[in-house]
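Quick notes on the structure that follows.
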Amino acid sequence: METPELTRREFWASNECCVMAPPGREAEGEEICEAFEDQESVFFATSGSCGSPKWVMFQRRALLASAAAVNQHLEVSECDRFMLALPLYHVGGFGVVARSYAANCSVTTLEGGWDPRCFKEAVELDHSTLTSLVPTQVHDLVALGLKAPRSLRAIIVGGGKMNEEEGRLARELGWPVLQSYGMTEAGSQIATADLASLNEPFRAGPLPILPIWKCRTSAEGCLEFRGPALCECYIQRGRGEMFCRGASNKAGWFSSSDLVQLRGGQVTVNGRADRKVKILGELVDVEAMESEIKDCLNYENVCLLALPDSRRGTRLVLVIEEDFNRDPGLLKKVNRGKAGIFRIDEIRAVAQLPRTAMGKIDSGALRKQFGSSQNIQME
């Protein structure tokens, strides 16, 4: 489905099934479309990078509720012009088009795939005022030192937390970046920095929660939320069959794996519960360790994998891109001063870390190609 179709009333008033299938999953998409052909629904695929791949089902009114909430937060009017630089098959890209429809304003699609220079030129030509990007795209703009077109008044950054130093540099170049926090199941954003924050130093959190969401934390400290933009259910395949399971409990609460703090209508995201593992019987926060390693190396293109180990329970393998300026003592460097359970067992190199369409490192895909990566001898 192309952008123009999604900007027409016929699509939003339709009672038909629509499946936004990413490349490689078209066959699954066709199967779902046949199974739900008589049900008003829109489906998005998840990558399965933190669990098995699945599909998330929405009703159109939920996606429009998300669009209206974001538009209100960004003070969108018919005078605004959106630039679409994300794939439509991801809820982040689809949300841009939904917002343009809800606000009755223009949307232009960046042609030819992502290229930072082409993106800047397209924004300048279109006089775009609003867009959505992922941290990787912002990184590319900053790395080239590109200055922002004057027409842009806000850029929603989603799909992951942006490095605050990079956010500061982006602001210095004129890119009005606003950190957001969301997920596929929420139809887009749960919390987003407000426009007033553009007059302050960039920060990745805490972030104001959009008014459509009710939020609380579980006993484990994970975010639970409910609201009108929440998805209906999951569709998964198991034992050769397709099955449906509810996404929320009977009271409408969705339980995430994101560890958060809630205070004064704002949320601070502290990582994921599913990235905590047992090593020699002790609980270790892999995400926190990965963040420390990035700071230590001053390098972002790394992924810390927790792999099963018969003796320790889990072993830690640091995967790094081959273009890194390697230090023969790298393994000793990252392990210096660390207790046994926090020590990296080995370092491996890959030509390029696999990423999802939203720029996140795809650890699921990385595990599949892990056997072909090359050990770096760092002892």
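Following the order of the structure tokens, first chain is A, next is B, and so on, with residues numbered from 1 inside each chain and ligands from 1 in the order they appear.
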
Strand (DSSP E) call set, DSSP backbone run, region 288-322 of chain A, as a VMD selection string: chain A and resid 302 to 309 313 to 321

Export, as an mmCIF file, in the first residue's frame, the selected residues with N, CA and C atoms.
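Here's the written file out04.cif:
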data_model
loop_
_atom_site.group_PDB
_atom_site.id
_atom_site.type_symbol
_atom_site.label_atom_id
_atom_site.label_comp_id
_atom_site.auth_asym_id
_atom_site.auth_seq_id
_atom_site.Cartn_x
_atom_site.Cartn_y
_atom_site.Cartn_z
ATOM 1 N N VAL A 302 28.020 -1.516 18.897
ATOM 2 C CA VAL A 302 28.327 -2.757 19.609
ATOM 3 C C VAL A 302 27.030 -3.362 20.137
ATOM 4 N N CYS A 303 27.051 -4.660 20.349
ATOM 5 C CA CYS A 303 25.901 -5.356 20.924
ATOM 6 C C CYS A 303 26.411 -6.411 21.885
ATOM 7 N N LEU A 304 25.897 -6.407 23.097
ATOM 8 C CA LEU A 304 26.293 -7.397 24.099
ATOM 9 C C LEU A 304 25.246 -8.505 24.117
ATOM 10 N N LEU A 305 25.662 -9.690 23.695
ATOM 11 C CA LEU A 305 24.758 -10.843 23.644
ATOM 12 C C LEU A 305 24.918 -11.701 24.882
ATOM 13 N N ALA A 306 23.803 -12.141 25.428
ATOM 14 C CA ALA A 306 23.798 -13.094 26.546
ATOM 15 C C ALA A 306 23.416 -14.457 25.978
ATOM 16 N N LEU A 307 24.353 -15.385 25.992
ATOM 17 C CA LEU A 307 24.136 -16.696 25.382
ATOM 18 C C LEU A 307 24.146 -17.792 26.451
ATOM 19 N N PRO A 308 23.373 -18.857 26.248
ATOM 20 C CA PRO A 308 23.326 -19.940 27.239
ATOM 21 C C PRO A 308 24.698 -20.565 27.456
ATOM 22 N N ASP A 309 24.980 -20.920 28.709
ATOM 23 C CA ASP A 309 26.244 -21.566 29.055
ATOM 24 C C ASP A 309 25.954 -22.624 30.117
ATOM 25 N N GLY A 313 25.509 -20.539 33.341
ATOM 26 C CA GLY A 313 24.124 -20.155 33.134
ATOM 27 C C GLY A 313 24.003 -19.264 31.918
ATOM 28 N N THR A 314 24.900 -18.277 31.848
ATOM 29 C CA THR A 314 24.938 -17.347 30.719
ATOM 30 C C THR A 314 26.376 -16.894 30.515
ATOM 31 N N ARG A 315 26.775 -16.752 29.244
ATOM 32 C CA ARG A 315 28.071 -16.155 28.947
ATOM 33 C C ARG A 315 27.835 -14.899 28.122
ATOM 34 N N LEU A 316 28.699 -13.940 28.270
ATOM 35 C CA LEU A 316 28.533 -12.645 27.626
ATOM 36 C C LEU A 316 29.515 -12.494 26.467
ATOM 37 N N VAL A 317 28.963 -12.207 25.293
ATOM 38 C CA VAL A 317 29.774 -12.048 24.083
ATOM 39 C C VAL A 317 29.534 -10.651 23.525
ATOM 40 N N LEU A 318 30.588 -9.896 23.397
ATOM 41 C CA LEU A 318 30.505 -8.551 22.834
ATOM 42 C C LEU A 318 30.716 -8.646 21.331
ATOM 43 N N VAL A 319 29.718 -8.211 20.561
ATOM 44 C CA VAL A 319 29.812 -8.217 19.096
ATOM 45 C C VAL A 319 30.031 -6.783 18.645
ATOM 46 N N ILE A 320 31.007 -6.589 17.785
ATOM 47 C CA ILE A 320 31.435 -5.252 17.399
ATOM 48 C C ILE A 320 31.655 -5.202 15.894
ATOM 49 N N GLU A 321 31.410 -4.057 15.277
ATOM 50 C CA GLU A 321 31.618 -3.940 13.840
ATOM 51 C C GLU A 321 33.107 -3.905 13.515
#

Polymer residues at most 12 Å from Glu26 (chain A), only C-alpha atoms, same-chain spacing of 6 or more positions, as a ChimeraX atom specification: /A:19-20,32-33,44-45,89

Output the selection as a compact mmCIF listing (two decimals), in the first residue's frame - C-alpha atoms for each residue.
# COMPACT_ATOMS: atom_id res chain seq x y z
CA VAL A 19 -1.75 -5.84 6.35
CA MET A 20 1.39 -3.68 6.31
CA ILE A 32 -3.41 -13.01 7.64
CA CYS A 33 -5.31 -10.95 5.09
CA PHE A 44 1.87 -4.53 11.66
CA ALA A 45 4.72 -7.03 12.01
CA TYR A 89 5.10 -1.03 7.16

Residues near region 64-66 of chain A, cut-off 7 Å, only C-alpha atoms, skip fewer than 3 positions along chain, as JSON, numbers by chain: {"A": [60, 61, 69, 70, 98, 102, 187, 188, 228, 229]}

Could the residues in this selection be written to a file with N, CA and C atoms, as a short mmCIF file (atom, residue, chain, number, x, y, z; two decimals), in the first residue's frame?
data_model
loop_
_atom_site.label_atom_id
_atom_site.label_comp_id
_atom_site.auth_asym_id
_atom_site.auth_seq_id
_atom_site.Cartn_x
_atom_site.Cartn_y
_atom_site.Cartn_z
N ARG A 60 -8.87 0.81 13.04
CA ARG A 60 -8.47 2.10 12.51
C ARG A 60 -8.69 3.23 13.51
N ARG A 61 -9.76 3.15 14.29
CA ARG A 61 -10.02 4.22 15.25
C ARG A 61 -8.91 4.36 16.28
N ALA A 69 -3.72 12.48 19.17
CA ALA A 69 -3.00 12.82 20.40
C ALA A 69 -1.64 13.45 20.09
N VAL A 70 -0.93 12.87 19.11
CA VAL A 70 0.37 13.41 18.74
C VAL A 70 0.20 14.78 18.09
N ALA A 98 -0.91 8.88 9.11
CA ALA A 98 -2.15 8.99 9.87
C ALA A 98 -2.31 10.40 10.44
N ALA A 102 -5.31 13.01 9.72
CA ALA A 102 -6.12 13.53 10.83
C ALA A 102 -6.11 15.05 10.88
N GLY A 187 0.49 1.91 18.95
CA GLY A 187 0.13 2.61 17.73
C GLY A 187 1.05 3.76 17.41
N SER A 188 2.06 3.96 18.20
CA SER A 188 3.07 5.01 18.02
C SER A 188 3.58 5.44 19.39
N PRO A 228 -7.07 4.50 24.39
CA PRO A 228 -7.82 4.25 23.16
C PRO A 228 -6.98 3.89 21.95
N ALA A 229 -5.67 4.08 22.01
CA ALA A 229 -4.82 3.75 20.86
C ALA A 229 -4.17 2.37 20.99
#

Separation of CA of Asp323 (chain A) from CA of Gly159 (chain A), in Å and rounded to one decimal: 24.4 Å

Sorted by chain and rising residue number, list the residues of region 148-238 of chain A at most 8 Å from region 126-140 of chain A (counting only C-alpha atoms), each with its closest atom pair and distance in Å to one decimal, as CSV.
residue,atom,partner,partner_atom,distance
A:Ser151,CA,A:Thr129,CA,5.3
A:Leu152,CA,A:Thr129,CA,4.0
A:Arg153,CA,A:Thr129,CA,5.3
A:Ala154,CA,A:Leu130,CA,5.3
A:Ile155,CA,A:Thr131,CA,5.1
A:Ile156,CA,A:Ser132,CA,4.6
A:Val157,CA,A:Leu133,CA,5.0
A:Gly158,CA,A:Val134,CA,5.2
A:Gly159,CA,A:Val134,CA,5.6
A:Gly160,CA,A:Pro135,CA,6.7
A:Lys161,CA,A:Pro135,CA,7.1
A:Met162,CA,A:Pro135,CA,5.4
A:Asn163,CA,A:Pro135,CA,7.9
A:Glu166,CA,A:His139,CA,6.9
A:Ala170,CA,A:Val138,CA,7.2

Please produce an output containing C-alpha atoms for each residue in the selection, written as a tab-separated table (two decimals), in the first residue's frame.
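This is the output file out36.tsv:
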chain	number	residue	atom	x	y	z
A	151	SER	CA	11.08	25.23	7.65
A	152	LEU	CA	11.38	22.34	10.13
A	153	ARG	CA	9.81	23.06	13.51
A	154	ALA	CA	9.88	19.58	15.11
A	155	ILE	CA	11.41	16.15	14.54
A	156	ILE	CA	10.02	13.26	16.56
A	157	VAL	CA	12.85	10.80	17.28
A	158	GLY	CA	11.61	7.29	18.04
A	159	GLY	CA	12.61	3.67	17.76
A	160	GLY	CA	15.17	4.02	20.55
A	161	LYS	CA	16.78	6.45	22.97
A	162	MET	CA	19.05	9.03	21.35
A	163	ASN	CA	22.49	9.69	22.75
A	166	GLU	CA	24.30	13.60	19.71
A	170	ALA	CA	21.78	17.97	16.31
